[in-house]
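*Asks:* Supplied in structure tokens, the structure appears directly below.
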Amino acid sequence: MEREFYTLAWIEEEADPRTGRKGFLSLLDQTLLPESEQYLKVMDVPSLISAIQRLSVRGAPALGCAGALGLAAAACRYEAGEYREFMRWLETRGREVAAARPTAVNLGWAVNRCMRSLRTMIEKGEENVVSLKNALVEEALAIQQEDKELCEKIGEHGKRLFEEKRTRVLTHCNAGALATGGQGTALAPVYMAHRQGLEPRVLADETRPLLQGARLTAWELLRAGIEVTVICDNMAARAMVEDMVDFVLVGADRIAANGDTANKIGTYGLAVLAAYHRLPFYVAAPYSTVDLELAAGGQIPIEERDPGEIRSGFGRLIAPEECPVYNPAFDVTPAELITGIITERGILRPPYSRSLRD
Ligand code: MRU
């Protein structure tokens, strides 16, 4: 029997009478999967930012949970004299954490939600730093718990797409338990269908350059006993023409007000292929991934990553050292290519500018 894994967890420690509540964030180091399962202990902001930027923790909703819990862990250790000083420190650290990865809106959303709840307490007269730290931990835990519930609801709504036995779904990157505080967004309906004996089958794009599909999606689905087959990203068209796919289902890092959706690089190409082959293309995401402040996908900031991620692979150089490399981590799928957006409230249909706002 394999040991249960968790993506992230708050580990409570003995409180210090001087500084109050104490704990740390424990993260499954996803850079080591599938070879080894090791957990990282995060107690300060530099190690939180480094874990986020190295992708030890990744996936939009998990980034939100980790940002909030990691900030809370660091705050527990901060020895502040009075509340104004504590809040100044927290606002600065919060901005640094929120900026660690720019595309997934959940990270900034979660940090802002924590800051807002503390500011409200202060407006109501709270000046005790220990109480503020305690409230920060509670808010971060509430974000994690809520994310788990959002995943369940997405699973319930999305399960409708799996009513036929042995439905075949193509997914990209990892939008499962490793990407959220719960069972996932795009993979939540798959887990739900599996639990009901519907035997869903998953085709997982390996997802170059960092292989979240091959390393993470395949790993977590196999552990759950779900049928999964890995393909290279450039095999999706072949799989579609060979009638191996019923529909495409992916997660999201940020959804603009008109429904344009940023997700892992390669998602847009998959949507174009799905449209050409007349296959439905679904996105699954909670409300925390929707950014109504951005009118359209062109305004979504796209993270560009280290060229070394592309030049090296398989433990060696795979492109000439001096060769220029373009490495955007995400792309934007236009709303017109999206058949439906599975949210905790149900499956939204176009026009998304109306259904998302409603
Ligand atoms: O760079 P990553 O691994 O953080 O990218 C993750 C994705 O693109 C996921 O598909 C997205 O965050 C949805 S996660 C439920």
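A note on labels: chains of the structure tokens are A, B, ... as shown, every chain counts residues from 1, and ligands are counted from 1 in their shown order.
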Do you know which residues are within 7 Å of ligand 1 using only C-alpha atoms and all ligand atoms? Can you write them as JSON, numbers by chain?
*Replies:* {"A": [55, 58, 59, 60, 61, 104, 172, 173, 174, 175, 176, 179, 180, 184, 185, 186, 212, 250, 251, 252, 253, 263, 264, 285, 329, 330]}
*Asks:* May I have the residues within 12 Å of range 304-311 of chain A as a PDB file with all heavy atoms, in the first residue's frame, using only C-alpha atoms and disregarding those fewer than 5 positions away in the same chain?
*Replies:*
```pdb
ATOM      1  N   GLN A  53       9.194  29.683  -7.179  1.00  0.00           N
ATOM      2  CA  GLN A  53       9.853  29.955  -8.465  1.00  0.00           C
ATOM      3  C   GLN A  53      10.505  28.709  -9.062  1.00  0.00           C
ATOM      4  O   GLN A  53      10.597  28.565 -10.268  1.00  0.00           O
ATOM      5  CB  GLN A  53      10.860  31.102  -8.302  1.00  0.00           C
ATOM      6  CG  GLN A  53      10.104  32.398  -8.051  1.00  0.00           C
ATOM      7  CD  GLN A  53      10.987  33.609  -7.875  1.00  0.00           C
ATOM      8  OE1 GLN A  53      12.146  33.474  -7.489  1.00  0.00           O
ATOM      9  NE2 GLN A  53      10.440  34.788  -8.121  1.00  0.00           N
ATOM     10  N   ARG A  54      10.936  27.773  -8.197  1.00  0.00           N
ATOM     11  CA  ARG A  54      11.532  26.532  -8.721  1.00  0.00           C
ATOM     12  C   ARG A  54      10.461  25.510  -9.125  1.00  0.00           C
ATOM     13  O   ARG A  54      10.749  24.430  -9.598  1.00  0.00           O
ATOM     14  CB  ARG A  54      12.438  25.890  -7.666  1.00  0.00           C
ATOM     15  CG  ARG A  54      13.707  26.679  -7.391  1.00  0.00           C
ATOM     16  CD  ARG A  54      14.649  25.944  -6.442  1.00  0.00           C
ATOM     17  NE  ARG A  54      13.994  25.427  -5.260  1.00  0.00           N
ATOM     18  CZ  ARG A  54      13.803  24.136  -4.996  1.00  0.00           C
ATOM     19  NH1 ARG A  54      14.215  23.200  -5.827  1.00  0.00           N
ATOM     20  NH2 ARG A  54      13.200  23.767  -3.899  1.00  0.00           N
ATOM     21  N   LEU A  55       9.184  25.831  -8.815  1.00  0.00           N
ATOM     22  CA  LEU A  55       8.039  24.953  -9.076  1.00  0.00           C
ATOM     23  C   LEU A  55       8.006  23.729  -8.149  1.00  0.00           C
ATOM     24  O   LEU A  55       7.478  22.679  -8.525  1.00  0.00           O
ATOM     25  CB  LEU A  55       7.940  24.512 -10.539  1.00  0.00           C
ATOM     26  CG  LEU A  55       7.994  25.548 -11.650  1.00  0.00           C
ATOM     27  CD1 LEU A  55       7.467  24.959 -12.955  1.00  0.00           C
ATOM     28  CD2 LEU A  55       7.214  26.804 -11.328  1.00  0.00           C
ATOM     29  N   ALA A 100       5.979  36.606  -7.004  1.00  0.00           N
ATOM     30  CA  ALA A 100       6.924  35.505  -7.279  1.00  0.00           C
ATOM     31  C   ALA A 100       6.639  34.834  -8.620  1.00  0.00           C
ATOM     32  O   ALA A 100       7.560  34.416  -9.322  1.00  0.00           O
ATOM     33  CB  ALA A 100       6.897  34.487  -6.140  1.00  0.00           C
ATOM     34  N   ARG A 101       5.348  34.671  -8.948  1.00  0.00           N
ATOM     35  CA  ARG A 101       4.982  34.180 -10.294  1.00  0.00           C
ATOM     36  C   ARG A 101       3.822  35.049 -10.768  1.00  0.00           C
ATOM     37  O   ARG A 101       2.797  35.154 -10.079  1.00  0.00           O
ATOM     38  CB  ARG A 101       4.589  32.689 -10.261  1.00  0.00           C
ATOM     39  CG  ARG A 101       5.790  31.777 -10.000  1.00  0.00           C
ATOM     40  CD  ARG A 101       5.462  30.339 -10.331  1.00  0.00           C
ATOM     41  NE  ARG A 101       5.465  30.084 -11.752  1.00  0.00           N
ATOM     42  CZ  ARG A 101       4.937  28.990 -12.306  1.00  0.00           C
ATOM     43  NH1 ARG A 101       4.351  28.078 -11.549  1.00  0.00           N
ATOM     44  NH2 ARG A 101       4.994  28.798 -13.609  1.00  0.00           N
ATOM     45  N   PRO A 102       3.928  35.633 -11.953  1.00  0.00           N
ATOM     46  CA  PRO A 102       2.956  36.660 -12.340  1.00  0.00           C
ATOM     47  C   PRO A 102       1.657  36.183 -12.993  1.00  0.00           C
ATOM     48  O   PRO A 102       0.674  36.926 -12.981  1.00  0.00           O
ATOM     49  CB  PRO A 102       3.746  37.508 -13.332  1.00  0.00           C
ATOM     50  CG  PRO A 102       4.756  36.578 -13.926  1.00  0.00           C
ATOM     51  CD  PRO A 102       5.076  35.573 -12.869  1.00  0.00           C
ATOM     52  N   THR A 103       1.623  34.989 -13.570  1.00  0.00           N
ATOM     53  CA  THR A 103       0.444  34.656 -14.400  1.00  0.00           C
ATOM     54  C   THR A 103      -0.732  34.134 -13.571  1.00  0.00           C
ATOM     55  O   THR A 103      -1.873  34.579 -13.753  1.00  0.00           O
ATOM     56  CB  THR A 103       0.833  33.661 -15.521  1.00  0.00           C
ATOM     57  OG1 THR A 103       1.888  34.233 -16.288  1.00  0.00           O
ATOM     58  CG2 THR A 103      -0.347  33.382 -16.437  1.00  0.00           C
ATOM     59  N   ARG A 208       5.999  19.879 -22.316  1.00  0.00           N
ATOM     60  CA  ARG A 208       7.334  20.488 -22.379  1.00  0.00           C
ATOM     61  C   ARG A 208       7.234  21.958 -21.978  1.00  0.00           C
ATOM     62  O   ARG A 208       6.211  22.577 -22.233  1.00  0.00           O
ATOM     63  CB  ARG A 208       7.868  20.385 -23.821  1.00  0.00           C
ATOM     64  CG  ARG A 208       8.527  19.071 -24.138  1.00  0.00           C
ATOM     65  CD  ARG A 208       9.943  18.944 -23.598  1.00  0.00           C
ATOM     66  NE  ARG A 208      10.897  19.794 -24.322  1.00  0.00           N
ATOM     67  CZ  ARG A 208      12.018  20.272 -23.787  1.00  0.00           C
ATOM     68  NH1 ARG A 208      12.336  20.011 -22.533  1.00  0.00           N
ATOM     69  NH2 ARG A 208      12.812  21.032 -24.498  1.00  0.00           N
ATOM     70  N   PRO A 209       8.258  22.574 -21.361  1.00  0.00           N
ATOM     71  CA  PRO A 209       9.551  21.947 -21.094  1.00  0.00           C
ATOM     72  C   PRO A 209       9.680  21.231 -19.748  1.00  0.00           C
ATOM     73  O   PRO A 209      10.610  20.443 -19.583  1.00  0.00           O
ATOM     74  CB  PRO A 209      10.512  23.140 -21.124  1.00  0.00           C
ATOM     75  CG  PRO A 209       9.683  24.293 -20.680  1.00  0.00           C
ATOM     76  CD  PRO A 209       8.282  24.039 -21.178  1.00  0.00           C
ATOM     77  N   LEU A 210       8.797  21.476 -18.789  1.00  0.00           N
ATOM     78  CA  LEU A 210       9.063  20.933 -17.450  1.00  0.00           C
ATOM     79  C   LEU A 210       8.276  19.659 -17.141  1.00  0.00           C
ATOM     80  O   LEU A 210       8.333  19.134 -16.034  1.00  0.00           O
ATOM     81  CB  LEU A 210       8.857  22.012 -16.382  1.00  0.00           C
ATOM     82  CG  LEU A 210       9.879  23.161 -16.526  1.00  0.00           C
ATOM     83  CD1 LEU A 210       9.659  24.246 -15.477  1.00  0.00           C
ATOM     84  CD2 LEU A 210      11.321  22.663 -16.446  1.00  0.00           C
ATOM     85  N   LEU A 211       7.521  19.189 -18.137  1.00  0.00           N
ATOM     86  CA  LEU A 211       6.933  17.841 -18.078  1.00  0.00           C
ATOM     87  C   LEU A 211       5.965  17.598 -16.929  1.00  0.00           C
ATOM     88  O   LEU A 211       5.911  16.506 -16.361  1.00  0.00           O
ATOM     89  CB  LEU A 211       8.051  16.789 -18.069  1.00  0.00           C
ATOM     90  CG  LEU A 211       9.065  16.916 -19.222  1.00  0.00           C
ATOM     91  CD1 LEU A 211      10.195  15.906 -19.069  1.00  0.00           C
ATOM     92  CD2 LEU A 211       8.397  16.750 -20.568  1.00  0.00           C
ATOM     93  N   LYS A 264      -1.069  26.667 -19.138  1.00  0.00           N
ATOM     94  CA  LYS A 264       0.278  26.210 -19.512  1.00  0.00           C
ATOM     95  C   LYS A 264       0.515  26.300 -21.016  1.00  0.00           C
ATOM     96  O   LYS A 264      -0.373  25.971 -21.816  1.00  0.00           O
ATOM     97  CB  LYS A 264       0.439  24.768 -19.010  1.00  0.00           C
ATOM     98  CG  LYS A 264       1.752  24.090 -19.314  1.00  0.00           C
ATOM     99  CD  LYS A 264       2.969  24.870 -18.897  1.00  0.00           C
ATOM    100  CE  LYS A 264       2.979  25.220 -17.425  1.00  0.00           C
ATOM    101  NZ  LYS A 264       4.027  26.230 -17.089  1.00  0.00           N
ATOM    102  N   ILE A 265       1.711  26.718 -21.367  1.00  0.00           N
ATOM    103  CA  ILE A 265       2.087  26.863 -22.772  1.00  0.00           C
ATOM    104  C   ILE A 265       1.751  25.565 -23.534  1.00  0.00           C
ATOM    105  O   ILE A 265       2.053  24.465 -23.060  1.00  0.00           O
ATOM    106  CB  ILE A 265       3.595  27.226 -22.897  1.00  0.00           C
ATOM    107  CG1 ILE A 265       3.962  27.609 -24.321  1.00  0.00           C
ATOM    108  CG2 ILE A 265       4.511  26.131 -22.361  1.00  0.00           C
ATOM    109  CD1 ILE A 265       3.480  28.957 -24.727  1.00  0.00           C
ATOM    110  N   ARG A 316      21.225  16.477 -19.578  1.00  0.00           N
ATOM    111  CA  ARG A 316      22.325  16.944 -20.426  1.00  0.00           C
ATOM    112  C   ARG A 316      21.860  18.095 -21.313  1.00  0.00           C
ATOM    113  O   ARG A 316      20.660  18.411 -21.360  1.00  0.00           O
ATOM    114  CB  ARG A 316      22.873  15.798 -21.284  1.00  0.00           C
ATOM    115  CG  ARG A 316      21.871  15.267 -22.289  1.00  0.00           C
ATOM    116  CD  ARG A 316      22.382  14.016 -22.964  1.00  0.00           C
ATOM    117  NE  ARG A 316      21.572  13.695 -24.120  1.00  0.00           N
ATOM    118  CZ  ARG A 316      21.804  14.119 -25.360  1.00  0.00           C
ATOM    119  NH1 ARG A 316      22.832  14.876 -25.624  1.00  0.00           N
ATOM    120  NH2 ARG A 316      21.006  13.767 -26.351  1.00  0.00           N
ATOM    121  N   LEU A 317      22.810  18.691 -22.020  1.00  0.00           N
ATOM    122  CA  LEU A 317      22.481  19.774 -22.937  1.00  0.00           C
ATOM    123  C   LEU A 317      21.746  19.193 -24.152  1.00  0.00           C
ATOM    124  O   LEU A 317      22.210  18.230 -24.756  1.00  0.00           O
ATOM    125  CB  LEU A 317      23.808  20.418 -23.381  1.00  0.00           C
ATOM    126  CG  LEU A 317      23.778  21.883 -23.786  1.00  0.00           C
ATOM    127  CD1 LEU A 317      23.269  22.759 -22.653  1.00  0.00           C
ATOM    128  CD2 LEU A 317      25.179  22.317 -24.214  1.00  0.00           C
ATOM    129  N   ILE A 318      20.588  19.794 -24.513  1.00  0.00           N
ATOM    130  CA  ILE A 318      19.861  19.257 -25.676  1.00  0.00           C
ATOM    131  C   ILE A 318      19.709  20.311 -26.779  1.00  0.00           C
ATOM    132  O   ILE A 318      19.069  20.069 -27.789  1.00  0.00           O
ATOM    133  CB  ILE A 318      18.487  18.657 -25.282  1.00  0.00           C
ATOM    134  CG1 ILE A 318      17.653  19.677 -24.513  1.00  0.00           C
ATOM    135  CG2 ILE A 318      18.651  17.373 -24.496  1.00  0.00           C
ATOM    136  CD1 ILE A 318      16.218  19.245 -24.309  1.00  0.00           C
ATOM    137  N   ALA A 319      20.246  21.510 -26.554  1.00  0.00           N
ATOM    138  CA  ALA A 319      20.338  22.543 -27.601  1.00  0.00           C
ATOM    139  C   ALA A 319      21.669  23.242 -27.375  1.00  0.00           C
ATOM    140  O   ALA A 319      22.144  23.290 -26.242  1.00  0.00           O
ATOM    141  CB  ALA A 319      19.181  23.530 -27.468  1.00  0.00           C
ATOM    142  N   PRO A 320      22.267  23.770 -28.444  1.00  0.00           N
ATOM    143  CA  PRO A 320      23.569  24.427 -28.244  1.00  0.00           C
ATOM    144  C   PRO A 320      23.472  25.511 -27.171  1.00  0.00           C
ATOM    145  O   PRO A 320      22.511  26.285 -27.140  1.00  0.00           O
ATOM    146  CB  PRO A 320      23.863  25.026 -29.618  1.00  0.00           C
ATOM    147  CG  PRO A 320      23.038  24.232 -30.564  1.00  0.00           C
ATOM    148  CD  PRO A 320      21.814  23.805 -29.827  1.00  0.00           C
ATOM    149  N   GLU A 321      24.475  25.535 -26.311  1.00  0.00           N
ATOM    150  CA  GLU A 321      24.531  26.462 -25.179  1.00  0.00           C
ATOM    151  C   GLU A 321      24.261  27.906 -25.615  1.00  0.00           C
ATOM    152  O   GLU A 321      23.577  28.667 -24.941  1.00  0.00           O
ATOM    153  CB  GLU A 321      25.924  26.356 -24.537  1.00  0.00           C
ATOM    154  CG  GLU A 321      26.078  27.141 -23.249  1.00  0.00           C
ATOM    155  CD  GLU A 321      25.692  26.315 -22.032  1.00  0.00           C
ATOM    156  OE1 GLU A 321      26.431  25.371 -21.733  1.00  0.00           O
ATOM    157  OE2 GLU A 321      24.657  26.617 -21.416  1.00  0.00           O
ATOM    158  N   GLU A 322      24.810  28.288 -26.799  1.00  0.00           N
ATOM    159  CA  GLU A 322      24.744  29.685 -27.227  1.00  0.00           C
ATOM    160  C   GLU A 322      23.458  29.988 -28.023  1.00  0.00           C
ATOM    161  O   GLU A 322      23.216  31.123 -28.423  1.00  0.00           O
ATOM    162  CB  GLU A 322      26.000  30.059 -28.050  1.00  0.00           C
ATOM    163  CG  GLU A 322      26.166  29.343 -29.396  1.00  0.00           C
ATOM    164  CD  GLU A 322      26.687  27.898 -29.292  1.00  0.00           C
ATOM    165  OE1 GLU A 322      26.729  27.340 -28.174  1.00  0.00           O
ATOM    166  OE2 GLU A 322      27.022  27.312 -30.342  1.00  0.00           O
ATOM    167  N   CYS A 323      22.616  28.981 -28.236  1.00  0.00           N
ATOM    168  CA  CYS A 323      21.421  29.189 -29.060  1.00  0.00           C
ATOM    169  C   CYS A 323      20.347  29.980 -28.288  1.00  0.00           C
ATOM    170  O   CYS A 323      19.982  29.615 -27.177  1.00  0.00           O
ATOM    171  CB  CYS A 323      20.860  27.833 -29.484  1.00  0.00           C
ATOM    172  SG  CYS A 323      19.485  28.009 -30.600  1.00  0.00           S
ATOM    173  N   PRO A 324      19.838  31.087 -28.870  1.00  0.00           N
ATOM    174  CA  PRO A 324      18.773  31.829 -28.178  1.00  0.00           C
ATOM    175  C   PRO A 324      17.539  30.951 -27.990  1.00  0.00           C
ATOM    176  O   PRO A 324      17.242  30.087 -28.831  1.00  0.00           O
ATOM    177  CB  PRO A 324      18.461  32.988 -29.133  1.00  0.00           C
ATOM    178  CG  PRO A 324      19.621  33.064 -30.049  1.00  0.00           C
ATOM    179  CD  PRO A 324      20.201  31.678 -30.150  1.00  0.00           C
ATOM    180  N   VAL A 325      16.836  31.188 -26.894  1.00  0.00           N
ATOM    181  CA  VAL A 325      15.664  30.380 -26.572  1.00  0.00           C
ATOM    182  C   VAL A 325      14.520  31.297 -26.170  1.00  0.00           C
ATOM    183  O   VAL A 325      14.736  32.322 -25.528  1.00  0.00           O
ATOM    184  CB  VAL A 325      16.030  29.418 -25.401  1.00  0.00           C
ATOM    185  CG1 VAL A 325      14.803  28.983 -24.636  1.00  0.00           C
ATOM    186  CG2 VAL A 325      16.784  28.202 -25.918  1.00  0.00           C
ATOM    187  N   TYR A 326      13.312  30.963 -26.566  1.00  0.00           N
ATOM    188  CA  TYR A 326      12.098  31.694 -26.149  1.00  0.00           C
ATOM    189  C   TYR A 326      11.331  30.758 -25.239  1.00  0.00           C
ATOM    190  O   TYR A 326      11.004  29.637 -25.639  1.00  0.00           O
ATOM    191  CB  TYR A 326      11.308  32.049 -27.420  1.00  0.00           C
ATOM    192  CG  TYR A 326       9.946  32.644 -27.198  1.00  0.00           C
ATOM    193  CD1 TYR A 326       9.764  33.714 -26.328  1.00  0.00           C
ATOM    194  CD2 TYR A 326       8.838  32.161 -27.895  1.00  0.00           C
ATOM    195  CE1 TYR A 326       8.503  34.278 -26.147  1.00  0.00           C
ATOM    196  CE2 TYR A 326       7.581  32.720 -27.736  1.00  0.00           C
ATOM    197  CZ  TYR A 326       7.424  33.778 -26.852  1.00  0.00           C
ATOM    198  OH  TYR A 326       6.178  34.324 -26.678  1.00  0.00           O
ATOM    199  N   ASN A 327      11.055  31.171 -24.003  1.00  0.00           N
ATOM    200  CA  ASN A 327      10.454  30.248 -23.041  1.00  0.00           C
ATOM    201  C   ASN A 327       9.275  30.855 -22.272  1.00  0.00           C
ATOM    202  O   ASN A 327       9.342  31.053 -21.055  1.00  0.00           O
ATOM    203  CB  ASN A 327      11.538  29.769 -22.057  1.00  0.00           C
ATOM    204  CG  ASN A 327      11.044  28.664 -21.127  1.00  0.00           C
ATOM    205  OD1 ASN A 327       9.973  28.089 -21.342  1.00  0.00           O
ATOM    206  ND2 ASN A 327      11.816  28.361 -20.089  1.00  0.00           N
ATOM    207  N   PRO A 328       8.156  31.168 -22.979  1.00  0.00           N
ATOM    208  CA  PRO A 328       6.977  31.643 -22.242  1.00  0.00           C
ATOM    209  C   PRO A 328       6.337  30.450 -21.531  1.00  0.00           C
ATOM    210  O   PRO A 328       6.174  29.387 -22.122  1.00  0.00           O
ATOM    211  CB  PRO A 328       6.062  32.174 -23.356  1.00  0.00           C
ATOM    212  CG  PRO A 328       6.454  31.388 -24.567  1.00  0.00           C
ATOM    213  CD  PRO A 328       7.901  31.007 -24.422  1.00  0.00           C
ATOM    214  N   ALA A 329       5.963  30.633 -20.261  1.00  0.00           N
ATOM    215  CA  ALA A 329       5.421  29.501 -19.493  1.00  0.00           C
ATOM    216  C   ALA A 329       3.928  29.274 -19.748  1.00  0.00           C
ATOM    217  O   ALA A 329       3.392  28.219 -19.408  1.00  0.00           O
ATOM    218  CB  ALA A 329       5.669  29.737 -18.005  1.00  0.00           C
ATOM    219  N   PHE A 330       3.265  30.267 -20.324  1.00  0.00           N
ATOM    220  CA  PHE A 330       1.805  30.171 -20.518  1.00  0.00           C
ATOM    221  C   PHE A 330       1.419  30.740 -21.877  1.00  0.00           C
ATOM    222  O   PHE A 330       2.190  31.497 -22.469  1.00  0.00           O
ATOM    223  CB  PHE A 330       1.076  30.962 -19.416  1.00  0.00           C
ATOM    224  CG  PHE A 330       1.412  30.452 -18.037  1.00  0.00           C
ATOM    225  CD1 PHE A 330       2.433  31.038 -17.301  1.00  0.00           C
ATOM    226  CD2 PHE A 330       0.755  29.365 -17.499  1.00  0.00           C
ATOM    227  CE1 PHE A 330       2.792  30.546 -16.051  1.00  0.00           C
ATOM    228  CE2 PHE A 330       1.103  28.865 -16.249  1.00  0.00           C
ATOM    229  CZ  PHE A 330       2.123  29.457 -15.520  1.00  0.00           C
ATOM    230  N   ASP A 331       0.238  30.375 -22.350  1.00  0.00           N
ATOM    231  CA  ASP A 331      -0.335  31.070 -23.502  1.00  0.00           C
ATOM    232  C   ASP A 331      -1.811  31.320 -23.211  1.00  0.00           C
ATOM    233  O   ASP A 331      -2.338  30.885 -22.186  1.00  0.00           O
ATOM    234  CB  ASP A 331      -0.098  30.291 -24.818  1.00  0.00           C
ATOM    235  CG  ASP A 331      -0.646  28.876 -24.807  1.00  0.00           C
ATOM    236  OD1 ASP A 331      -1.590  28.603 -24.030  1.00  0.00           O
ATOM    237  OD2 ASP A 331      -0.144  28.033 -25.577  1.00  0.00           O
TER     238      ASP A 331
END
```
*Asks:* Report, in Å with one decimal, the straight-line distance from CA of Val272 in chain A to CA of Met240 in chain A.
*Replies:*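 Going from CA of Val272 in chain A over to CA of Met240 in chain A, I get 11.9 Å.
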*Asks:* I need the residue nearest Gly158 in chain A from this list: A:Ala284, A:Ile226, A:Leu25, A:Ala74. Use only C-alpha atoms for the distance.
*Replies:*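 Among A:Ala284, A:Ile226, A:Leu25, A:Ala74, it is A:Ala284 that comes nearest to Gly158 in chain A.
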*Asks:* For a quick check of understanding, using only C-alpha atoms, which of A:Phe24, A:Tyr83, A:Tyr78, A:Trp109 has the smallest distance to Gly64 in chain A?
*Replies:* A:Trp109
*Asks:* Report the distance between CA of His157 in chain A and CA of Leu107 in chain A in Å, rounded to one decimal place.
*Replies:*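 About the pair CA of His157 in chain A and CA of Leu107 in chain A: they are 24.6 Å apart.
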*Asks:* When distances are computed from only C-alpha atoms, which of A:Gly225, A:Gly266, A:Gly125, A:Gly108 shows the smallest separation from Ala68 in chain A?
*Replies:* A:Gly108
*Asks:* Show me a table, sorted first by chain and then by increasing residue number, of the residues of range 232-277 of chain A having an atom at most 10 Å from range 340-352 of chain A, each with its shortest atom pair and the distance in Å to one decimal, counting only C-alpha atoms and written as JSON lines.
*Replies:*
```
{"residue": "A:Leu249", "atom": "CA", "partner": "A:Ile342", "partner_atom": "CA", "distance": 9.5}
{"residue": "A:Val250", "atom": "CA", "partner": "A:Ile341", "partner_atom": "CA", "distance": 9.7}
{"residue": "A:Gly251", "atom": "CA", "partner": "A:Ile342", "partner_atom": "CA", "distance": 9.4}
{"residue": "A:Ala252", "atom": "CA", "partner": "A:Ile341", "partner_atom": "CA", "distance": 9.7}
{"residue": "A:Ile255", "atom": "CA", "partner": "A:Ile341", "partner_atom": "CA", "distance": 9.7}
{"residue": "A:Ala256", "atom": "CA", "partner": "A:Tyr352", "partner_atom": "CA", "distance": 9.3}
{"residue": "A:Ala257", "atom": "CA", "partner": "A:Tyr352", "partner_atom": "CA", "distance": 7.3}
{"residue": "A:Asn258", "atom": "CA", "partner": "A:Tyr352", "partner_atom": "CA", "distance": 5.4}
{"residue": "A:Gly259", "atom": "CA", "partner": "A:Tyr352", "partner_atom": "CA", "distance": 5.1}
{"residue": "A:Asp260", "atom": "CA", "partner": "A:Tyr352", "partner_atom": "CA", "distance": 8.7}
{"residue": "A:Thr261", "atom": "CA", "partner": "A:Ile341", "partner_atom": "CA", "distance": 9.7}
```
*Asks:* Please write the residues from the selection above to a file, keeping C-alpha atoms, as a PDB file, in the first residue's frame.
*Replies:*
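Here's the written file selection_2.pdb:
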```pdb
ATOM      1  CA  LEU A 249     -10.153  19.269 -20.422  1.00  0.00           C
ATOM      2  CA  VAL A 250      -7.556  21.647 -18.958  1.00  0.00           C
ATOM      3  CA  GLY A 251      -7.101  23.936 -15.962  1.00  0.00           C
ATOM      4  CA  ALA A 252      -6.454  27.680 -15.952  1.00  0.00           C
ATOM      5  CA  ILE A 255      -9.421  33.839 -16.876  1.00  0.00           C
ATOM      6  CA  ALA A 256     -10.133  37.347 -18.157  1.00  0.00           C
ATOM      7  CA  ALA A 257     -13.628  38.901 -18.027  1.00  0.00           C
ATOM      8  CA  ASN A 258     -14.367  37.863 -21.630  1.00  0.00           C
ATOM      9  CA  GLY A 259     -13.397  34.209 -21.006  1.00  0.00           C
ATOM     10  CA  ASP A 260      -9.942  34.318 -22.627  1.00  0.00           C
ATOM     11  CA  THR A 261      -7.915  31.837 -20.567  1.00  0.00           C
TER      12      THR A 261
END
```
*Asks:* Can you tell me, as a list in words, what residues are no more than 12 Å from His277 in chain A when counting only C-alpha atoms, ignoring any on the same chain fewer than 5 positions away?
*Replies:*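 Listing them by chain and then by number gives Ala236, Ala237, Arg238, Ala239, Met240, Val241, Glu242, Asp243, Met244, Val245, Asp246, Phe247, Val248, Leu270, Ala271 and Val272 of chain A.
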*Asks:* Here is a test: counting only C-alpha atoms, which residue of A:Ile49, A:Met43, A:Ser56, A:Glu13 is nearest to Leu27 in chain A?
*Replies:*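 Among the listed residues, A:Ser56 lies closest to Leu27 in chain A.
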*Asks:* Any chance you could list, as a PyMOL selection string, the residues in range 180-324 of chain A that come up alpha helix (DSSP H) when DSSP is run on the backbone?
*Replies:* chain A and resi 188-195+212+218-223+236-241+267-276+308-311
*Asks:* Find the residue from A:Gln144, A:Gln30, A:Glu138, A:Arg84 that sits nearest to Gly67 in chain A; use only C-alpha atoms when measuring.
*Replies:*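 Checking each candidate against Gly67 in chain A, we get A:Gln144 as the closest.
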